[in-house]
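Worksheet: the structure to be examined is printed underneath.
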Amino acid sequence: MTKEQQRAELHKTIWRIANDLRGSVDGWDFKGYVLGMLFYRFISENLTQYLNGLERETGVPDFDYSDLPDAQAEFGREATVADKGFYILPSELFTNVRRRAAQDADLNETLARVFRNIEASAVGSASEDDLKGLFDDLDVNSSKLGSTVARRNEQLVKLLHAIGDLNLGTFSDNTIDAFGDAYEYLMTMYASSAGKSGGEFFTPQEVSELLARITVVGKSEVNKVYDPACGSGSLLLKFAKVLGKENVRQGFFGQEINLTTYNLARINMFLHDVNYEKFDIAHGDTLIDPAHWDDEPFEAIVSNPPYSTKWAGSDNPLLINDPRFAPAGVLAPKSKADLAFTMHILSWLAVDGTAAIVEFPGVLYRGGAEQKIRKYLVDNNYVDAVIQLPPDLFFGTTIATCIIVLKKSKSDNAILFIDGSALFTRTGNKNKLTAAHQKQILDQFVGREPAPHFAALVDAETIAENGYNLSVTSYVEAEDIREEVDIVALNAEIARIVERQAELRTKIDAIVA
């Protein structure tokens with residue numbers, strides 16, 4: 001089976017599960033059950049494969065951890081938690097709980113206990129924060145699943161079997177990252193139907209990949225990657241696809257203010273087989289209480305921060321002296337935190353690093369404090385490029401966003417403007433950047449040359465004279481696609497038609513008479 005066939009079959013099955021099992025549970029809420037159970041299956045199979053491999057290396061070819069009595073399995077708990085970050089007793093593995101599910105009258109309590117035990121296995125270890133609360137959205141006692149325990153358990157049995165029947169194979173058998181791909185498809189499916197409430201933190205995969213590729217141009221590895229508003233973590237994980245997990249040497253770092261989304265980001269890391277030692281996702285407000293002071297600077301930073309969200313700004317007298325914001329001499333407006341995220345990212349960017357940030361278009365041209373921040377960025381030669389994206393790419397909004405690329409070590413004192421507003425294909429009810437569109441933008445970014453109606457390389461002095469306006473349309477002239485019309489010929493043709501009309505009327509009148 002080819003990669004495309006395997007992925008299509010997986011997506012088809014997931015779509016069926018979502019429709020068959022959703023019932024009274026809202027689609028966006030139900031994703032917690034599907035993703036949580038997918039995560040439970042993944043860590044069960046991941047742990048089993050790991051332990052089976054260790055035993056078989058020692059000369060026990062038929063060893064199967066899932067068949068081991070719990071009492072005998074306890075001996076490996078401490079060492080396994082140190083390596084994998086968690087432990088699951090054989091009786092509590094997904095496959096064994098699923099096998100007994102239909103006969104378990106207390107299935108909801110069984111699952112609740114299993115999830116508690118998985119989290120408890122990490123308590124006191126280095127992975128405790130990475131496991132804590134991961135099953136919070138999989139509420140097996142919720143009335144949303146059914147009005148009685150029996151109905152809830154019936155739904156849970158269906159869910160276990162549906163997730164268990166997904167053809168995810170073994171890790172070595174798959175040509176795709178099956179668990180990770182299932183997660184991405186689920187997130188896309190739910191975000192597209194949930195509107196702003198569900199899609200605001202999920203960046204489409206093709207945009208995520210473009211951002212990642214922009215930040216690693218000319219590099220085969222980076223020290224660590226960072227996203228200060230990481231949402232479900234999809235942006236960070238594009239580096240695993242672009243470079244390979246092993247080439248992000250010190251791991252994936254991010255922070256997310258929404259608790260549910262923070263849990264999704266950590267689940268996403270596990271489902272992409274990123275071990276707990278290789279990621280550090282924090283919960284909290286990045287602008288007010290950033291979690292990674294001890295980890296910056298970062299060589300590659302990507303982000304799609306919330307558009308024009310409110311923040312403390314000037315209401316907090318300490319922020320103007322914060323080393324992240326102080327250099328600009330002014331804070332982003334309280335009602336528009338976009339450039340506060342930009343300043344934070346710049347502050348934590350390594351000298352040889354690159355940051356690619358999706359921005360609301362207003363930050364490119366609005367006056368006041370935002371103009372002063374743009375002045376600081378341009379005068380200090382931090383803005384490397386501004387890329388206009390097509391409209392209607394993102395879930396929950398139809399606006400045409402842009403990408404600002406920041407660098408601290410540029411080779412020139414100019415900014416490259418790229419107009420990619422026409423580079424899209426309509427797919428369903430959204431626009432999409434195809435691989436060819438991404439390549440066209442990336443090639444122009446790498447070449448750093450002007451191109452008629454597509455790209456302009458503008459020196460900082462010109463931008464200063466233009467009031468530090470960074471709007472792409474101010475520098476890249478749109479192609480005039482209007483058809484040239486010969487007015488003299490057109491008037492002659494109209495006169496001929498009018499004359500012919502008069503002749504026809506005269507003949508018709510004669511016939512009628």
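Labels used: A, B, ... for chains in the order of the structure tokens, numbers from 1 for residues in each chain, and numbers from 1 for ligands as shown.
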Show me a table, sorted first by chain and then by increasing residue number, of the residues of region 29-147 of chain A having an atom at most 9 Å from region 259-272 of chain A, each with its shortest atom pair and the distance in Å to one decimal, counting only C-alpha atoms and written as a tab-separated table.
residue	atom	partner	partner_atom	distance
A:Gly32	CA	A:Leu264	CA	8.6
A:Leu35	CA	A:Ile267	CA	8.3
A:Gly36	CA	A:Ile267	CA	8.1
A:Leu38	CA	A:Leu271	CA	8.4
A:Phe39	CA	A:Leu271	CA	6.5
A:Phe42	CA	A:Leu271	CA	6.6
A:Ile43	CA	A:Phe270	CA	7.7
A:Asp130	CA	A:Arg266	CA	6.8
A:Leu131	CA	A:Arg266	CA	8.0
A:Lys132	CA	A:Asn263	CA	8.8
A:Gly133	CA	A:Asn263	CA	7.0
A:Leu134	CA	A:Asn263	CA	5.5
A:Phe135	CA	A:Asn263	CA	8.2
A:Asp136	CA	A:Asn263	CA	8.2
A:Asp137	CA	A:Thr260	CA	7.2
Would you list the contacts of region 304-313 of chain A as a ChimeraX atom specification, taking every protein, DNA or RNA residue within 6 Å and counting only C-alpha atoms, but skipping same-chain residues closer than 6 positions in sequence? /A:229,334-338,357-358,360
Would you output that residue set with C-alpha atoms, as a PDB file, in the first residue's frame?
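The result, written out as selection33.pdb:
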ATOM      1  CA  ALA A 229       1.910  30.379  21.537  1.00  0.00           C
ATOM      2  CA  LYS A 334      -3.470  46.760  25.364  1.00  0.00           C
ATOM      3  CA  SER A 335      -6.078  45.759  22.804  1.00  0.00           C
ATOM      4  CA  LYS A 336      -3.569  44.383  20.293  1.00  0.00           C
ATOM      5  CA  ALA A 337      -0.794  42.133  21.643  1.00  0.00           C
ATOM      6  CA  ASP A 338       0.488  41.065  18.196  1.00  0.00           C
ATOM      7  CA  ILE A 357       5.672  34.690  12.637  1.00  0.00           C
ATOM      8  CA  VAL A 358       2.139  34.725  11.229  1.00  0.00           C
ATOM      9  CA  PHE A 360      -2.558  40.006  11.533  1.00  0.00           C
TER      10      PHE A 360
END
What is the CA of Leu111 (chain A) to CA of Asp67 (chain A) distance in Å?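 Spanning CA of Leu111 (chain A) to CA of Asp67 (chain A) is a straight-line distance of 19.2 Å.
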Leaving out Leu457 (chain A) and any residue of its chain fewer than 3 positions from it, which residues lie within 6 Å of it when counting only C-alpha atoms, given as a ChimeraX atom specification? /A:415-416,450
Write the selection just made, keeping C-alpha atoms, as an mmCIF file, in the first residue's frame?
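Result went into part-v8.cif, see below:
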data_model
loop_
_atom_site.group_PDB
_atom_site.id
_atom_site.type_symbol
_atom_site.label_atom_id
_atom_site.label_comp_id
_atom_site.auth_asym_id
_atom_site.auth_seq_id
_atom_site.Cartn_x
_atom_site.Cartn_y
_atom_site.Cartn_z
ATOM 1 C CA ILE A 415 13.650 43.920 3.470
ATOM 2 C CA LEU A 416 12.299 41.414 0.968
ATOM 3 C CA PRO A 450 13.045 41.258 -6.947
#
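By chain and then residue number, the residues within 9 Å of Gln155 (chain A) are Leu21, Leu145, Gly146, Ala150, Arg151, Arg152, Lys158, Leu159 and Leu160 of chain A, counting only C-alpha atoms and disregarding those fewer than 3 positions away in sequence.
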Excluding region 366-369 of chain A and its own-chain neighbours fewer than 3 positions away, which residues fall within 9 Å of it when counting only C-alpha atoms? Please give them as a list of chain:residue names. A:Val330, A:Leu331, A:Ala332, A:Pro333, A:Gly362, A:Val363, A:Lys372, A:Ile373, A:Arg374, A:Gly467, A:Asn469
Mind pulling up the distance from CA of Phe30 (chain A) to CA of Ile17 (chain A)?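 CA of Phe30 (chain A) lies at a distance of 10.9 Å from CA of Ile17 (chain A).
With only C-alpha atoms as the basis for measurement, A:Asp139 is the residue among A:Asp139, A:Asp392, A:Asp384, A:Glu92 that approaches Val34 (chain A) most closely.
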